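Enquirer: Following this message is one structure expressed as structure tokens.
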Amino acid sequence: MKNKRGYTLIELVVAVGLFALIMTLASGAYFIMINLNRQVQGVTTGINNLSFALETMVRDIRTGTAYSGGGNSFSFTPSDGGAAITYARGIQQGAGGQTGDIIITKNNVTTALTDPSVDVTSLVFYVFGATPGDSEQPRVTIVVSGSVTYGAGKTESFSIENGATMRGSDI
């Protein structure tokens with residue numbers, strides 16, 4: 001008998017079929033991971049935008065004086081002594097309609113601080129120690145809640161609390 005080398009046609013068909021099945025399963029998992037990555041990037045972008053807006057507010061509030069307001073809006077005098085700055089919840093036009101946002105008003109000019117993908121449903125300022133004659137260090141607690149839109153209209157809700165204490169004394 002002669003020693004035969006190589007594979008039969010049936011062995012090759014079975015091997016190619018198994019390879020195709022494994023690659024189909026692996027590519028399905030790969031596409032699922034790509035979709036999840038896009039969703040996470042969308043949420044991360046919205047939360048980063050909100051974080052930037054809050055950090056801007058906190059930085060300005062820490063260096064400001066003459067705190068006033070509370071509830072849905074908050075005003076103070078900036079450290080440079082210029083016109084008063086007011087933060088509040090506003091409305092802007094987004095891809096899916098109107099969304100809530102955080103706005104800043106200075107010199108009668110109003111600017112949105114958040115992206116339309118961030119829908120701010122609640123913005124509350126709690127002001128402590130801003131009453132004249134009060135011996136408490138002035139501070140503000142900011143509570144923001146809403147949702148971030150990502151992908152094909154999917155949303156992820158958030159609730160964030162941040163605080164700022166006046167650097168200098170307003171006593």
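Residues are named by chain letter and number: chains run A, B, ... in the order of the structure tokens, numbers start at 1 in each chain, and ligands are numbered from 1 in the order shown.
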Which neighbours of Gly163 of chain A fall inside 8 Å, counting only C-alpha atoms, when residues of the same chain fewer than 6 positions from it are skipped, and could you give them as a PyMOL selection string?

Expert: chain A and resi 58+139-142

Enquirer: Given only C-alpha atoms, how would the per-residue table for segment 80-108 of chain A near segment 60-74 of chain A read, listing every residue at most 12 Å away with its closest atom pair and distance in Å to one decimal, sorted by chain and number, as a tab-separated table?

Expert:
residue	atom	partner	partner_atom	distance
A:Asp80	CA	A:Gly64	CA	8.4
A:Gly81	CA	A:Gly64	CA	8.6
A:Gly82	CA	A:Gly64	CA	10.3
A:Ala83	CA	A:Gly64	CA	11.2
A:Ala84	CA	A:Ala66	CA	9.2
A:Ile85	CA	A:Phe74	CA	8.3
A:Thr86	CA	A:Phe74	CA	5.5
A:Tyr87	CA	A:Phe74	CA	5.3
A:Ala88	CA	A:Ser73	CA	4.4
A:Arg89	CA	A:Asn72	CA	6.9
A:Gly90	CA	A:Asn72	CA	10.1
A:Ile102	CA	A:Ser73	CA	10.0
A:Ile103	CA	A:Ser73	CA	9.7
A:Ile104	CA	A:Phe74	CA	9.8
A:Thr105	CA	A:Phe74	CA	10.4

Enquirer: Would you put the residues from that selection into a file with C-alpha atoms, as a short mmCIF file (atom, residue, chain, number, x, y, z; two decimals), in the first residue's frame?

Expert:
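Saved result, selection21.cif, follows:
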data_model
loop_
_atom_site.label_atom_id
_atom_site.label_comp_id
_atom_site.auth_asym_id
_atom_site.auth_seq_id
_atom_site.Cartn_x
_atom_site.Cartn_y
_atom_site.Cartn_z
CA ASP A 80 -13.41 91.02 39.07
CA GLY A 81 -16.28 93.17 40.39
CA GLY A 82 -18.07 93.15 37.05
CA ALA A 83 -21.76 92.65 36.36
CA ALA A 84 -23.62 90.04 38.38
CA ILE A 85 -23.69 86.48 37.07
CA THR A 86 -26.84 84.37 37.29
CA TYR A 87 -27.10 80.62 36.82
CA ALA A 88 -30.47 78.98 36.18
CA ARG A 89 -32.22 76.21 34.29
CA GLY A 90 -33.21 77.14 30.77
CA ILE A 102 -28.00 75.13 32.49
CA ILE A 103 -27.71 78.77 31.45
CA ILE A 104 -25.49 81.63 32.53
CA THR A 105 -26.59 85.25 32.27
#

Enquirer: For the atom pair atom CA of Asn35 of chain A and atom CA of Asp119 of chain A, what is the interatomic distance in Å to one decimal place?

Expert: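 Computed distance, atom CA of Asn35 of chain A to atom CA of Asp119 of chain A, equals 22.6 Å.
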
Enquirer: Fewer than 5 positions away in the same chain doesn't count, so skip those; otherwise give me all residues within 12 Å of Glu161 of chain A, counting only C-alpha atoms, as a list in words.

Expert: Leu50, Ser51, Leu54, Glu55, Val58, Ser122, Leu123, Val124, Phe125, Tyr126, Val140, Thr141, Ile142, Val143, Val144 and Ser145 of chain A

Enquirer: Find the residues near Thr45 of chain A: any atom within 12 Å, counting only C-alpha atoms, skip ones fewer than 6 places away on the same chain, and give them as a ChimeraX atom specification.

Expert: /A:38-39,51-52,114-118,148-151

Enquirer: Considering only alpha helix (DSSP H) as DSSP defines it on the backbone, what residues of chain A qualify? List them as a PyMOL selection string.

Expert: chain A and resi 9-63

Enquirer: Please report, as a ChimeraX atom specification, each residue of segment 8-71 of chain A to which DSSP assigns strand (DSSP E) when run on this structure's backbone.

Expert: /A:65-70

Enquirer: Residues as selected, N, CA, C and O atoms, written as a JSON list (two decimals), in the first residue's frame, can you do that?

Expert:
[["chain", "number", "residue", "atom", "x", "y", "z"],
["A", 65, "THR", "N", -18.58, 86.88, 45.19],
["A", 65, "THR", "CA", -19.06, 87.42, 46.47],
["A", 65, "THR", "C", -20.54, 87.79, 46.30],
["A", 65, "THR", "O", -21.08, 87.73, 45.21],
["A", 66, "ALA", "N", -21.13, 88.22, 47.39],
["A", 66, "ALA", "CA", -22.52, 88.72, 47.40],
["A", 66, "ALA", "C", -23.48, 87.69, 46.83],
["A", 66, "ALA", "O", -24.19, 87.95, 45.86],
["A", 67, "TYR", "N", -23.48, 86.51, 47.43],
["A", 67, "TYR", "CA", -24.39, 85.45, 46.99],
["A", 67, "TYR", "C", -25.84, 85.87, 47.22],
["A", 67, "TYR", "O", -26.17, 86.43, 48.25],
["A", 68, "SER", "N", -26.69, 85.54, 46.27],
["A", 68, "SER", "CA", -28.13, 85.79, 46.45],
["A", 68, "SER", "C", -28.92, 84.76, 45.65],
["A", 68, "SER", "O", -28.42, 84.21, 44.68],
["A", 69, "GLY", "N", -30.12, 84.58, 46.06],
["A", 69, "GLY", "CA", -30.97, 83.63, 45.36],
["A", 69, "GLY", "C", -31.03, 82.30, 46.08],
["A", 69, "GLY", "O", -30.83, 82.20, 47.29],
["A", 70, "GLY", "N", -31.25, 81.29, 45.35],
["A", 70, "GLY", "CA", -31.48, 79.96, 45.87],
["A", 70, "GLY", "C", -32.71, 79.41, 45.18],
["A", 70, "GLY", "O", -33.44, 80.13, 44.50]]

Enquirer: Take atom CA of Asp101 of chain A and atom CA of Val120 of chain A and report the distance between them in Å, one decimal.

Expert: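 So the answer is 5.1 Å.
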
Enquirer: Have a look at atom CA of Ala29 of chain A and atom CA of Ser157 of chain A and let me know their distance in Å, one decimal.

Expert: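 Pair atom CA of Ala29 of chain A / atom CA of Ser157 of chain A returns 26.9 Å.
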
Enquirer: Which one of A:Ser75, A:Thr121, A:Thr131, A:Ser159 sits closest to Met57 of chain A if you count only C-alpha atoms?

Expert: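 Looking at the shortest contact to Met57 of chain A, the residue is A:Ser75.
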
Enquirer: Could you check the closest approach to Thr99 of chain A for each of A:Pro78, A:Gly146, A:Gly133, A:Gly28 and tell me which residue wins, using only C-alpha atoms?

Expert: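 The shortest atom-to-atom distance to Thr99 of chain A comes from A:Gly146.
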